[in-house]
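**Student:** input-v9.txt is the file, holding compact mmCIF, C-alpha atoms and all ligand atoms:
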# COMPACT_ATOMS: atom_id res chain seq x y z
CA MET U 26 0.00 0.00 0.00
CA ARG U 27 1.02 3.64 -0.37
CA ILE U 28 2.09 5.08 2.98
CA LEU U 29 3.10 8.63 3.88
CA VAL U 30 5.44 8.84 6.90
CA THR U 31 5.69 12.33 8.40
CA GLY U 32 9.00 12.91 10.18
CA GLY U 33 10.53 9.98 8.30
CA ALA U 34 13.92 11.71 8.09
CA GLY U 35 14.13 11.60 11.88
CA PHE U 36 15.31 8.91 14.25
CA ILE U 37 12.19 6.78 14.80
CA GLY U 38 10.34 7.68 11.58
CA SER U 39 13.25 6.47 9.43
CA HIS U 40 13.12 3.03 11.08
CA VAL U 41 9.35 2.90 10.55
CA ALA U 42 9.83 3.80 6.87
CA GLU U 43 12.45 1.07 6.58
CA ALA U 44 10.13 -1.53 8.10
CA TYR U 45 7.32 -0.54 5.71
CA LEU U 46 9.66 -0.79 2.72
CA ALA U 47 10.89 -4.20 3.85
CA ALA U 48 7.25 -5.35 3.99
CA GLY U 49 6.82 -4.30 0.35
CA HIS U 50 4.93 -1.01 0.77
CA GLU U 51 5.38 2.19 -1.25
CA VAL U 52 6.81 4.77 1.16
CA HIS U 53 6.78 8.56 0.90
CA ILE U 54 8.29 10.82 3.54
CA LEU U 55 7.14 14.33 4.43
CA ASP U 56 9.82 16.10 6.48
CA ASN U 57 11.05 19.69 6.82
CA LEU U 58 14.53 18.45 7.88
CA SER U 59 14.45 20.64 11.00
CA THR U 60 15.97 17.87 13.12
CA GLY U 61 15.90 15.08 10.53
CA HIS U 62 18.54 14.38 7.89
CA GLY U 63 18.50 13.31 4.25
CA ARG U 64 21.04 10.59 5.12
CA ASN U 65 18.39 8.87 7.30
CA ILE U 66 16.05 8.27 4.35
CA PRO U 67 16.05 4.56 3.60
CA GLN U 68 16.74 3.47 0.05
CA GLY U 69 13.49 3.10 -1.87
CA ALA U 70 11.60 5.81 0.02
CA THR U 71 10.75 9.14 -1.64
CA LEU U 72 11.56 12.26 0.38
CA HIS U 73 9.31 15.33 0.01
CA VAL U 74 10.90 18.26 1.82
CA ALA U 75 8.04 20.37 3.18
CA ASP U 76 6.62 21.59 6.46
CA MET U 77 3.49 19.77 7.61
CA LEU U 78 1.88 23.13 8.34
CA SER U 79 2.55 24.48 4.83
CA GLU U 80 0.36 24.54 1.73
CA GLU U 81 2.82 22.12 0.06
CA ALA U 82 1.79 19.47 2.59
CA ARG U 83 -1.80 19.73 1.36
CA SER U 84 -0.67 19.52 -2.28
CA LEU U 85 1.32 16.41 -1.40
CA PHE U 86 -1.73 14.72 0.15
CA ALA U 87 -3.75 15.68 -2.94
CA ALA U 88 -1.12 14.28 -5.33
CA LEU U 89 -0.31 11.08 -3.42
CA ARG U 90 -3.65 10.20 -1.81
CA PRO U 91 -1.93 7.86 0.65
CA GLU U 92 -3.89 4.93 2.05
CA VAL U 93 -2.11 5.20 5.42
CA VAL U 94 -0.47 8.17 7.11
CA ASN U 95 2.07 7.46 9.84
CA HIS U 96 2.60 10.66 11.81
CA HIS U 97 6.02 11.04 13.45
CA ALA U 98 6.82 14.70 12.63
CA ALA U 99 7.04 16.68 15.85
CA GLN U 100 9.04 18.92 18.10
CA ALA U 101 10.46 16.01 20.13
CA SER U 102 12.55 17.71 22.82
CA VAL U 103 11.28 18.24 26.38
CA LYS U 104 13.96 20.91 26.87
CA VAL U 105 12.91 22.91 23.80
CA SER U 106 9.28 22.64 24.91
CA THR U 107 10.19 24.14 28.28
CA ALA U 108 11.95 27.06 26.61
CA ASP U 109 9.18 27.74 24.05
CA ALA U 110 5.74 26.38 24.89
CA VAL U 111 4.05 28.14 21.96
CA ARG U 112 6.37 26.72 19.30
CA ASP U 113 6.08 23.26 20.85
CA LEU U 114 2.27 23.45 20.84
CA ALA U 115 2.19 24.75 17.25
CA GLN U 116 4.20 21.76 16.02
CA ASN U 117 2.76 18.99 18.17
CA GLY U 118 -0.81 20.18 18.71
CA GLY U 119 -1.28 22.28 15.57
CA GLY U 120 0.76 19.93 13.38
CA THR U 121 -1.30 16.92 14.42
CA ALA U 122 -4.58 18.84 13.97
CA ARG U 123 -3.40 19.67 10.44
CA ILE U 124 -2.55 16.04 9.67
CA CYS U 125 -6.00 15.00 10.94
CA GLU U 126 -7.67 17.57 8.65
CA LEU U 127 -5.68 16.42 5.62
CA ALA U 128 -6.30 12.76 6.42
CA VAL U 129 -10.07 13.31 6.49
CA GLU U 130 -10.07 15.59 3.42
CA PHE U 131 -8.15 13.10 1.30
CA GLY U 132 -9.82 9.90 2.48
CA VAL U 133 -6.90 8.32 4.34
CA ARG U 134 -7.94 4.84 5.52
CA LYS U 135 -5.80 4.92 8.65
CA LEU U 136 -3.68 7.33 10.70
CA ILE U 137 -0.98 6.03 13.06
CA TYR U 138 0.23 8.61 15.61
CA ALA U 139 3.52 8.50 17.54
CA SER U 140 2.61 9.63 21.04
CA THR U 141 4.56 9.37 24.27
CA GLY U 142 4.08 6.98 27.17
CA GLY U 143 7.10 8.41 28.98
CA ALA U 144 5.91 12.03 29.16
CA LEU U 145 2.11 11.69 29.04
CA TYR U 146 1.05 10.10 32.31
CA GLY U 147 3.09 12.23 34.73
CA ASP U 148 4.27 10.79 38.03
CA PRO U 149 2.74 7.31 38.13
CA GLU U 150 0.15 6.34 40.71
CA ARG U 151 1.05 2.72 40.01
CA LEU U 152 3.71 0.81 38.09
CA PRO U 153 3.78 -0.42 35.44
CA VAL U 154 1.54 2.27 33.90
CA ASP U 155 -1.28 0.99 31.72
CA GLU U 156 -3.34 2.99 29.23
CA SER U 157 -6.15 3.68 31.73
CA HIS U 158 -3.78 5.56 34.07
CA PRO U 159 -4.70 9.26 34.62
CA ILE U 160 -3.01 11.62 32.16
CA ARG U 161 -1.17 14.44 33.95
CA PRO U 162 1.92 15.53 31.97
CA LEU U 163 4.75 17.31 33.82
CA SER U 164 6.13 19.08 30.73
CA ASN U 165 4.90 21.27 27.87
CA TYR U 166 6.04 18.48 25.53
CA GLY U 167 3.87 15.87 27.29
CA ASN U 168 0.98 18.30 27.13
CA SER U 169 1.36 19.11 23.42
CA LYS U 170 1.61 15.41 22.50
CA ARG U 171 -1.63 14.92 24.48
CA VAL U 172 -3.25 17.72 22.48
CA GLY U 173 -2.36 15.73 19.36
CA GLU U 174 -4.15 12.71 20.84
CA LEU U 175 -7.19 14.87 21.65
CA TYR U 176 -7.47 16.02 18.02
CA ILE U 177 -7.26 12.44 16.84
CA ASP U 178 -9.97 11.49 19.31
CA LEU U 179 -12.19 14.38 18.16
CA PHE U 180 -11.69 13.63 14.46
CA ALA U 181 -12.41 9.94 15.13
CA ARG U 182 -15.69 10.73 16.90
CA GLU U 183 -16.90 13.54 14.65
CA ARG U 184 -15.28 13.10 11.24
CA GLY U 185 -14.85 9.33 10.87
CA LEU U 186 -11.06 9.27 11.17
CA ASN U 187 -9.67 5.79 11.81
CA ALA U 188 -6.52 5.92 13.94
CA THR U 189 -4.17 4.07 16.24
CA VAL U 190 -2.15 5.98 18.84
CA LEU U 191 1.13 4.37 19.90
CA ARG U 192 2.54 5.68 23.19
CA TYR U 193 6.26 4.96 23.22
CA ALA U 194 8.52 4.57 26.22
CA ASN U 195 12.07 6.00 25.89
CA ALA U 196 13.28 5.05 22.43
CA TYR U 197 16.93 4.30 21.68
CA GLY U 198 18.99 2.79 18.89
CA PRO U 199 20.88 3.61 15.69
CA ARG U 200 20.32 7.05 14.11
CA GLN U 201 19.31 8.73 17.38
CA ASP U 202 21.07 12.09 17.35
CA PRO U 203 23.73 12.20 20.10
CA ASN U 204 23.74 15.99 19.79
CA GLY U 205 20.01 16.04 20.41
CA GLU U 206 18.44 16.90 23.70
CA ALA U 207 16.64 13.68 24.46
CA GLY U 208 17.93 10.16 24.56
CA VAL U 209 20.38 9.38 27.31
CA ILE U 210 21.76 6.31 25.52
CA ALA U 211 22.63 8.27 22.35
CA ILE U 212 24.13 11.15 24.31
CA PHE U 213 26.22 8.91 26.60
CA THR U 214 27.33 6.68 23.71
CA GLY U 215 28.56 9.70 21.72
CA LEU U 216 30.51 11.12 24.66
CA MET U 217 31.97 7.81 25.81
CA LEU U 218 33.21 6.90 22.33
CA GLU U 219 35.12 10.19 22.42
CA GLY U 220 36.50 9.32 25.89
CA ARG U 221 34.64 12.25 27.45
CA PRO U 222 32.84 12.17 30.83
CA VAL U 223 29.05 12.01 30.93
CA THR U 224 26.81 14.03 33.24
CA ILE U 225 24.05 12.09 34.96
CA ASP U 226 20.99 14.20 35.88
CA GLY U 227 20.41 14.08 39.65
CA ASP U 228 21.33 10.95 41.63
CA GLY U 229 20.91 8.68 38.57
CA GLU U 230 18.57 6.28 40.38
CA GLN U 231 15.56 7.47 38.31
CA MET U 232 14.21 4.50 36.36
CA LYS U 233 12.85 4.62 32.80
CA ASP U 234 11.60 2.11 30.26
CA TYR U 235 14.06 1.86 27.32
CA VAL U 236 12.60 0.37 24.14
CA TYR U 237 14.68 -0.47 21.08
CA VAL U 238 13.75 1.46 17.93
CA GLY U 239 13.51 -1.69 15.79
CA ASP U 240 10.84 -2.99 18.16
CA ILE U 241 8.96 0.32 17.80
CA ALA U 242 9.12 -0.05 14.02
CA ARG U 243 7.56 -3.54 14.29
CA ALA U 244 4.69 -2.07 16.34
CA ASN U 245 4.06 0.44 13.53
CA LEU U 246 4.00 -2.43 11.05
CA ALA U 247 1.46 -4.33 13.15
CA ALA U 248 -0.69 -1.18 13.48
CA LEU U 249 -1.28 -1.15 9.70
CA ALA U 250 -3.77 -3.98 10.19
CA ALA U 251 -4.77 -3.82 13.88
CA GLY U 252 -5.35 -1.56 16.88
CA ASP U 253 -8.03 0.63 15.23
CA GLY U 254 -9.47 3.21 17.64
CA LEU U 255 -7.00 2.41 20.41
CA ALA U 256 -4.16 4.12 22.27
CA ILE U 257 -1.51 1.47 22.99
CA ASN U 258 1.65 1.57 25.13
CA ILE U 259 4.86 0.42 23.43
CA GLY U 260 7.64 -0.31 25.90
CA THR U 261 9.30 -3.17 27.73
CA GLY U 262 7.50 -3.15 31.09
CA GLN U 263 10.83 -2.81 32.88
CA GLY U 264 12.53 0.17 34.51
CA THR U 265 16.31 0.65 34.40
CA PRO U 266 18.19 3.29 36.45
CA VAL U 267 20.28 5.83 34.52
CA ASN U 268 23.28 4.75 36.62
CA ALA U 269 22.91 1.20 35.26
CA ILE U 270 22.68 2.54 31.69
CA ALA U 271 25.88 4.53 32.23
CA ALA U 272 27.65 1.49 33.69
CA ALA U 273 26.54 -0.79 30.82
CA LEU U 274 27.67 1.76 28.22
CA GLN U 275 30.96 2.33 30.00
CA SER U 276 31.79 -1.36 29.92
CA ALA U 277 30.59 -1.79 26.30
CA THR U 278 32.53 1.23 24.99
CA GLY U 279 35.58 0.74 27.24
CA SER U 280 35.42 4.42 28.23
CA ALA U 281 37.67 5.28 31.20
CA ALA U 282 36.13 8.73 31.91
CA ALA U 283 34.18 8.77 35.18
CA ALA U 284 30.54 9.97 35.16
CA VAL U 285 29.67 13.14 37.05
CA HIS U 286 26.31 14.08 38.54
CA GLY U 287 24.44 17.31 37.69
CA PRO U 288 21.14 18.80 38.88
CA PRO U 289 17.91 16.87 38.23
CA ARG U 290 16.18 17.71 34.93
CA ALA U 291 13.10 19.96 35.06
CA GLY U 292 9.86 18.34 33.90
CA ASP U 293 11.31 14.85 34.13
CA VAL U 294 9.24 11.98 35.53
CA ARG U 295 11.29 10.16 38.18
CA ASN U 296 10.21 6.56 37.68
CA ILE U 297 8.11 5.16 34.87
CA TRP U 298 7.72 1.95 32.96
CA LEU U 299 4.81 0.87 30.81
CA ASP U 300 2.40 -2.02 30.98
CA CYS U 301 2.35 -3.34 27.40
CA ALA U 302 -0.22 -6.14 27.74
CA LEU U 303 -2.63 -4.31 25.39
CA ALA U 304 0.01 -4.27 22.62
CA GLY U 305 0.39 -8.03 23.12
CA ARG U 306 -3.35 -8.63 22.81
CA GLU U 307 -4.24 -6.15 20.07
CA LEU U 308 -1.10 -5.98 17.93
CA ASN U 309 0.41 -9.35 18.81
CA TRP U 310 3.49 -7.27 19.63
CA ARG U 311 6.16 -7.85 22.26
CA PRO U 312 9.61 -6.29 22.55
CA GLU U 313 12.28 -8.61 21.18
CA VAL U 314 15.56 -6.74 21.63
CA GLY U 315 16.87 -6.65 25.22
CA LEU U 316 18.88 -3.76 26.60
CA SER U 317 22.36 -5.31 26.30
CA GLU U 318 21.71 -6.38 22.68
CA GLY U 319 20.18 -2.99 21.83
CA ILE U 320 23.10 -1.14 23.41
CA ALA U 321 25.57 -3.29 21.47
CA ARG U 322 23.76 -2.50 18.18
CA THR U 323 23.65 1.22 19.04
CA ILE U 324 27.38 1.36 19.80
CA GLU U 325 28.22 -0.60 16.65
CA TRP U 326 26.26 1.94 14.60
CA ALA U 327 27.76 4.95 16.44
CA ARG U 328 31.33 3.72 15.82
CA THR U 329 30.78 3.93 12.06
CA ALA U 330 28.38 6.92 11.89
N1 LIG U 401 12.52 9.57 20.96
C1 LIG U 401 11.67 9.11 21.88
O1 LIG U 401 12.09 8.51 22.89
C2 LIG U 401 10.19 9.28 21.70
C3 LIG U 401 9.34 8.78 22.69
C4 LIG U 401 7.96 8.94 22.53
C5 LIG U 401 7.44 9.54 21.39
N2 LIG U 401 8.29 10.03 20.45
C6 LIG U 401 7.69 10.67 19.28
O2 LIG U 401 8.20 10.02 18.11
C7 LIG U 401 8.29 10.96 17.04
C8 LIG U 401 9.68 10.97 16.44
O3 LIG U 401 10.63 11.33 17.45
P1 LIG U 401 12.20 11.24 17.19
O4 LIG U 401 12.84 10.99 18.50
O5 LIG U 401 12.46 10.34 16.05
O6 LIG U 401 12.51 12.77 16.82
P2 LIG U 401 13.26 13.40 15.54
O7 LIG U 401 13.46 14.85 15.89
O8 LIG U 401 14.44 12.58 15.17
O9 LIG U 401 12.16 13.25 14.39
C9 LIG U 401 11.18 14.22 14.13
C10 LIG U 401 11.17 14.48 12.64
O10 LIG U 401 10.10 15.37 12.32
C11 LIG U 401 10.57 16.37 11.41
N3 LIG U 401 9.73 17.56 11.62
C12 LIG U 401 9.64 18.34 12.72
N4 LIG U 401 8.75 19.32 12.53
C13 LIG U 401 8.25 19.17 11.28
C14 LIG U 401 7.29 19.88 10.49
N5 LIG U 401 6.68 20.97 10.97
N6 LIG U 401 7.03 19.44 9.25
C15 LIG U 401 7.66 18.35 8.74
N7 LIG U 401 8.58 17.64 9.43
C16 LIG U 401 8.87 18.04 10.68
C17 LIG U 401 12.02 16.57 11.81
O11 LIG U 401 12.82 17.15 10.77
C18 LIG U 401 12.46 15.15 12.12
O12 LIG U 401 12.91 14.47 10.97
C19 LIG U 401 7.84 12.31 17.61
O13 LIG U 401 6.47 12.48 17.31
C20 LIG U 401 8.04 12.14 19.11
O14 LIG U 401 7.18 12.97 19.84
C21 LIG U 401 9.65 9.92 20.56
Represent the supplied structure as structure tokens.
Ligand SMILES: NC(=O)c1ccc[n+]([C@@H]2O[C@H](COP(=O)([O-])OP(=O)(O)OC[C@H]3O[C@@H](n4cnc5c(N)ncnc54)[C@H](O)[C@@H]3O)[C@@H](O)[C@H]2O)c1

**Tutor:**
Amino acid sequence: MRILVTGGAGFIGSHVAEAYLAAGHEVHILDNLSTGHGRNIPQGATLHVADMLSEEARSLFAALRPEVVNHHAAQASVKVSTADAVRDLAQNGGGTARICELAVEFGVRKLIYASTGGALYGDPERLPVDESHPIRPLSNYGNSKRVGELYIDLFARERGLNATVLRYANAYGPRQDPNGEAGVIAIFTGLMLEGRPVTIDGDGEQMKDYVYVGDIARANLAALAAGDGLAINIGTGQGTPVNAIAAALQSATGSAAAAVHGPPRAGDVRNIWLDCALAGRELNWRPEVGLSEGIARTIEWARTA
């Protein structure tokens, strides 16, 4: 089928595009290259450089008439969202509203939306966090991604949009930008391979759910044919402290530089990991790549990138 992946020049979107191509689909990518790169575009995909909020995006929908739209384009940094709430909302709330409008106008059969499980729920009342947990984001980013979900929900109820929302835990893996502002594994890997010390936010005992990007791509593949009308967590169900991540990376890279501790990060949830039973039932999806294997693959990629 013909699929349009927004944000497909970015970290996660490029892996999703690759998985769709490998399954035999025709893949088009809409990306303004603000944080994405042409080098991330998998062979066989067609890149259309445009902003999702521009008139060109509408012309692209009109010309392509994609059967499925997979929406990954976003402002994906919690730090940027804290510095500029309005820009963050325009991209994540406004951008998703725009994609919903275009999807309805051009008869898209299905929309798949990359939401966040890590930044949506806020400080958990219970762990692991399932999809029925109250939604109380701690950051502008978590809030703007929620606004995107609310537009999808509204368009589904009122305009007949068919969608699946995937709420990812902390993604990691090849092509994550080590100069970016999210993604502790990418940042630490980049620094350690250069023999430089890493700075751990706070005491480093905060625990997050780290999910390998290839597993996320498989969830997006499954969502082509399942999960209609649902919001589904995509994670591993396990929390790992940042200190343990730093130790694993230090031993895998052979870095001798000691880690230092800095202040805790504003807007960061202390402990969160996701209950992914719904993904098992509805998408027949389970994570397959464990942390040590995923870290090894990430380092192997970073050594040659
Ligand atoms: N990285 C994570 O751990 C994580 C976790 C949960 C959810 N997500 C979500 O997954 C998606 C992808 O995140 P990522 O980490 O790959 O980030 P990324 O920055 O690598 O990818 C985002 C892509 O969107 C493009 N983009 C941004 N604004 C655009 C616009 N207005 N028009 C067209 N293209 C635009 C960027 O150029 C980039 O290629 C985002 O929606 C993010 O909110 C990421």

**Student:** Which of these, U:Ala196, U:Ala144, U:Ile28, U:Val94, has the shortest distance to ligand LIG 401 (chain U) once you count all atoms listed in the file?

**Tutor:** U:Ala196

**Student:** List as a ChimeraX atom specification the protein and nucleic acid residues lying within 6 Å of ligand LIG 401 (chain U), with all atoms listed in the file counted.

**Tutor:** /U:32-38,55-61,75-78,97-101,116,139-141,193-196

**Student:** Neighbouring residues of Val209 of chain U were defined as those with any atom within 9 Å, considering only C-alpha atoms; residues of the same chain fewer than 3 positions away were excluded. Please report them as a list in words.

**Tutor:**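 These residues fall inside the cut-off: Tyr197, Pro203, Glu206, Ile212, Phe213, Thr214, Ile225, Val267, Ile270 and Ala271 of chain U.
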
**Student:** Write a file of the just-selected residues containing C-alpha atoms, as a compact mmCIF listing (two decimals), in the frame of the given file.

**Tutor:**
# COMPACT_ATOMS: atom_id res chain seq x y z
CA TYR U 197 16.93 4.30 21.68
CA PRO U 203 23.73 12.20 20.10
CA GLU U 206 18.44 16.90 23.70
CA ILE U 212 24.13 11.15 24.31
CA PHE U 213 26.22 8.91 26.60
CA THR U 214 27.33 6.68 23.71
CA ILE U 225 24.05 12.09 34.96
CA VAL U 267 20.28 5.83 34.52
CA ILE U 270 22.68 2.54 31.69
CA ALA U 271 25.88 4.53 32.23

**Student:** In the coordinate frame of the file, compute which residues have an atom within 10 Å of (17.4, 15.9, 37.2) when using all atoms listed in the file, and state them as a list in words.

**Tutor:**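 Residues with an atom close enough to that point: Ile225, Asp226, Gly227, Asp228, Gly229, Gln231, His286, Gly287, Pro288, Pro289, Arg290, Ala291, Gly292, Asp293, Val294 and Arg295 of chain U.
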
**Student:** Could you dump the residues just selected with C-alpha atoms as a PDB file, in the coordinates of the input?

**Tutor:**
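part-v1.pdb written:
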ATOM      1  CA  ILE U 225      24.050  12.090  34.960  1.00  0.00           C
ATOM      2  CA  ASP U 226      20.990  14.200  35.880  1.00  0.00           C
ATOM      3  CA  GLY U 227      20.410  14.080  39.650  1.00  0.00           C
ATOM      4  CA  ASP U 228      21.330  10.950  41.630  1.00  0.00           C
ATOM      5  CA  GLY U 229      20.910   8.680  38.570  1.00  0.00           C
ATOM      6  CA  GLN U 231      15.560   7.470  38.310  1.00  0.00           C
ATOM      7  CA  HIS U 286      26.310  14.080  38.540  1.00  0.00           C
ATOM      8  CA  GLY U 287      24.440  17.310  37.690  1.00  0.00           C
ATOM      9  CA  PRO U 288      21.140  18.800  38.880  1.00  0.00           C
ATOM     10  CA  PRO U 289      17.910  16.870  38.230  1.00  0.00           C
ATOM     11  CA  ARG U 290      16.180  17.710  34.930  1.00  0.00           C
ATOM     12  CA  ALA U 291      13.100  19.960  35.060  1.00  0.00           C
ATOM     13  CA  GLY U 292       9.860  18.340  33.900  1.00  0.00           C
ATOM     14  CA  ASP U 293      11.310  14.850  34.130  1.00  0.00           C
ATOM     15  CA  VAL U 294       9.240  11.980  35.530  1.00  0.00           C
ATOM     16  CA  ARG U 295      11.290  10.160  38.180  1.00  0.00           C
TER      17      ARG U 295
END

**Student:** Do a neighbour search on Leu308 of chain U at 10 Å with only C-alpha atoms, toss out local chain neighbours closer than 5 positions, and write the hits as a PyMOL selection string.

**Tutor:** chain U and resi 243-253+257+302-303

**Student:** Just add N, CA, C and O atoms to segment 254-270 of chain U and send it as a JSON list (two decimals), in the frame of the given file.

**Tutor:**
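Result file follows (part14.json):
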[["chain", "number", "residue", "atom", "x", "y", "z"],
["U", 254, "GLY", "N", -8.73, 2.53, 16.57],
["U", 254, "GLY", "CA", -9.47, 3.21, 17.64],
["U", 254, "GLY", "C", -8.84, 3.13, 19.01],
["U", 254, "GLY", "O", -9.45, 3.55, 20.00],
["U", 255, "LEU", "N", -7.62, 2.62, 19.09],
["U", 255, "LEU", "CA", -7.00, 2.41, 20.41],
["U", 255, "LEU", "C", -5.75, 3.26, 20.60],
["U", 255, "LEU", "O", -5.08, 3.63, 19.64],
["U", 256, "ALA", "N", -5.46, 3.56, 21.88],
["U", 256, "ALA", "CA", -4.16, 4.12, 22.27],
["U", 256, "ALA", "C", -3.42, 3.00, 22.99],
["U", 256, "ALA", "O", -3.95, 2.40, 23.94],
["U", 257, "ILE", "N", -2.20, 2.70, 22.55],
["U", 257, "ILE", "CA", -1.51, 1.47, 22.99],
["U", 257, "ILE", "C", -0.08, 1.81, 23.43],
["U", 257, "ILE", "O", 0.69, 2.41, 22.68],
["U", 258, "ASN", "N", 0.28, 1.40, 24.65],
["U", 258, "ASN", "CA", 1.65, 1.57, 25.13],
["U", 258, "ASN", "C", 2.62, 0.66, 24.38],
["U", 258, "ASN", "O", 2.32, -0.52, 24.13],
["U", 259, "ILE", "N", 3.80, 1.21, 24.07],
["U", 259, "ILE", "CA", 4.86, 0.42, 23.43],
["U", 259, "ILE", "C", 6.13, 0.61, 24.25],
["U", 259, "ILE", "O", 6.79, 1.66, 24.19],
["U", 260, "GLY", "N", 6.45, -0.38, 25.05],
["U", 260, "GLY", "CA", 7.64, -0.31, 25.90],
["U", 260, "GLY", "C", 8.06, -1.72, 26.27],
["U", 260, "GLY", "O", 7.67, -2.68, 25.59],
["U", 261, "THR", "N", 8.82, -1.84, 27.35],
["U", 261, "THR", "CA", 9.30, -3.17, 27.73],
["U", 261, "THR", "C", 8.70, -3.66, 29.04],
["U", 261, "THR", "O", 8.88, -4.82, 29.41],
["U", 262, "GLY", "N", 8.04, -2.76, 29.80],
["U", 262, "GLY", "CA", 7.50, -3.15, 31.09],
["U", 262, "GLY", "C", 8.55, -3.20, 32.19],
["U", 262, "GLY", "O", 8.24, -3.62, 33.31],
["U", 263, "GLN", "N", 9.76, -2.76, 31.87],
["U", 263, "GLN", "CA", 10.83, -2.81, 32.88],
["U", 263, "GLN", "C", 11.48, -1.44, 33.03],
["U", 263, "GLN", "O", 11.71, -0.75, 32.03],
["U", 264, "GLY", "N", 11.82, -1.08, 34.26],
["U", 264, "GLY", "CA", 12.53, 0.17, 34.51],
["U", 264, "GLY", "C", 14.01, -0.10, 34.74],
["U", 264, "GLY", "O", 14.37, -1.10, 35.36],
["U", 265, "THR", "N", 14.86, 0.78, 34.21],
["U", 265, "THR", "CA", 16.31, 0.65, 34.40],
["U", 265, "THR", "C", 16.85, 1.99, 34.88],
["U", 265, "THR", "O", 16.56, 3.03, 34.27],
["U", 266, "PRO", "N", 17.64, 2.01, 35.97],
["U", 266, "PRO", "CA", 18.19, 3.29, 36.45],
["U", 266, "PRO", "C", 19.23, 3.86, 35.47],
["U", 266, "PRO", "O", 19.94, 3.09, 34.81],
["U", 267, "VAL", "N", 19.30, 5.17, 35.39],
["U", 267, "VAL", "CA", 20.28, 5.83, 34.52],
["U", 267, "VAL", "C", 21.70, 5.39, 34.90],
["U", 267, "VAL", "O", 22.56, 5.20, 34.03],
["U", 268, "ASN", "N", 21.94, 5.21, 36.19],
["U", 268, "ASN", "CA", 23.28, 4.75, 36.62],
["U", 268, "ASN", "C", 23.63, 3.41, 35.97],
["U", 268, "ASN", "O", 24.79, 3.19, 35.58],
["U", 269, "ALA", "N", 22.66, 2.52, 35.87],
["U", 269, "ALA", "CA", 22.91, 1.20, 35.26],
["U", 269, "ALA", "C", 23.15, 1.34, 33.76],
["U", 269, "ALA", "O", 23.98, 0.61, 33.19],
["U", 270, "ILE", "N", 22.44, 2.27, 33.12],
["U", 270, "ILE", "CA", 22.68, 2.54, 31.69],
["U", 270, "ILE", "C", 24.12, 3.03, 31.50],
["U", 270, "ILE", "O", 24.85, 2.57, 30.60]]
